[in-house]
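Student: Sharing a structure below in structure tokens format, with a few things to ask.
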Amino acid sequence: MTPTLALAVLAGAGLGAGLWLLVSLAPRIGRPRLTTRLAPYLVDVSSEARAMARPRSADPLPVIGVMLAPAAESFGRTLESVLGGAPVIRTRLRQAGSSTTVAGHRTRQLLGASLGAAAGIAIGLGAGRDGVTLLPAGIAGLIAGGIAGIAATDALLARAAKRRVTRMSQEFPTVVEFLALSVSAGESTLEALRRIAATGSGELAGEIDRVVRRTAAGQPLARALAEMRDDLAMPAVSRLVDQVLAALERGTPLAEVLRAQALDAREESKRGLLEAAGTREVAMLVPLVFLILPVTVLFAVWPGLMVLQLGF
């Protein structure tokens, strides 16, 4: 297949789809039947009349959708087996704070695969030298571009989820300390959570506000907390929620447990800072060795070189 033939096929497909859309918008010629003429006057009492009065067009998209439905279902099952099932994607979406559903993310993956495949085909056709290597290059570009598009979509979601989880981990010690202080002052667990949701402005405070709103809507507090624990899938939040649920179920005092939890959260935050400092210590040597040290050596050696040149 030559580039001219490939462009001709694409142009013909685009022309055919455009002509189909134009024909679908053209009014139909012919005398309507009696039932069609009476349908607009009976839409309030008859479901058949409402279906007949609904505007129809010869849109090619439903036909294409029906034709490609088996392939789309097979592609979705393949994605689920390779990239992770719906629970993994649902957890990442909740961690990222996105309102997109699993089906919406699958649509994004399909769109990313389409864009990547189009870019891969363009690169493959551009890299092809002659008619012999043009087709294999296009097929390789199609496959590589589709995989790269799906991977890029999942990487963006994972990055957003990781960033939000990091922010919630940084906010966790403060939230636990405030919760322990409120419970120690005599407030109930729900009132303490409501106070955190009203005064806090971070990501974790927003999740607690969601729990409070669910509780105000009639959902039990234990169930709302359990849903937050399962959705976020953070070890620190899971331990806190388990301890709160145990205290609510058994009626044990919660203040001491929350104080110990806050102390553990602070210690874990310190360990995290020390680990981050240890990993970045090596990275800080890069500008020191390759930028600061050469400039220092240059300032120290350059005057001596100039004096030697002028002296001789």
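Convention: chains lettered A, B, ... in structure tokens order; per-chain residue numbering from 1; ligands numbered from 1 as shown.
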Within 9 Å of Ala265 (chain A), counting only C-alpha atoms, which residues show up once you throw out same-chain ones fewer than 2 positions away? Write them as a VMD selection string, please.

Tutor: chain A and resid 172 to 174 176 236 260 to 263 267 to 270

Student: Find the residues around Asp230 (chain A) up to 12 Å (only C-alpha atoms counted), leave out those fewer than 2 positions away in its own chain, and share them as a VMD selection string.

Tutor: chain A and resid 87 to 88 90 to 92 94 to 95 223 to 228 232 to 235 237 to 239 241 to 242

Student: Quick one, how far is CA of Arg194 (chain A) from CA of Ala96 (chain A)?

Tutor: 22.8 Å

Student: Which is closest to Gly251 (chain A) among A:Ser188, A:Ser99, A:Tyr41, A:Ala151, if we use only C-alpha atoms?

Tutor: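 Looking only at the distances to Gly251 (chain A), the closest residue turns out to be A:Ser188.
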
Student: Between A:Ala247, A:Ile123, A:Leu288, A:Ala185, which is the closest to Ile139 (chain A) once you count only C-alpha atoms?

Tutor: A:Ile123
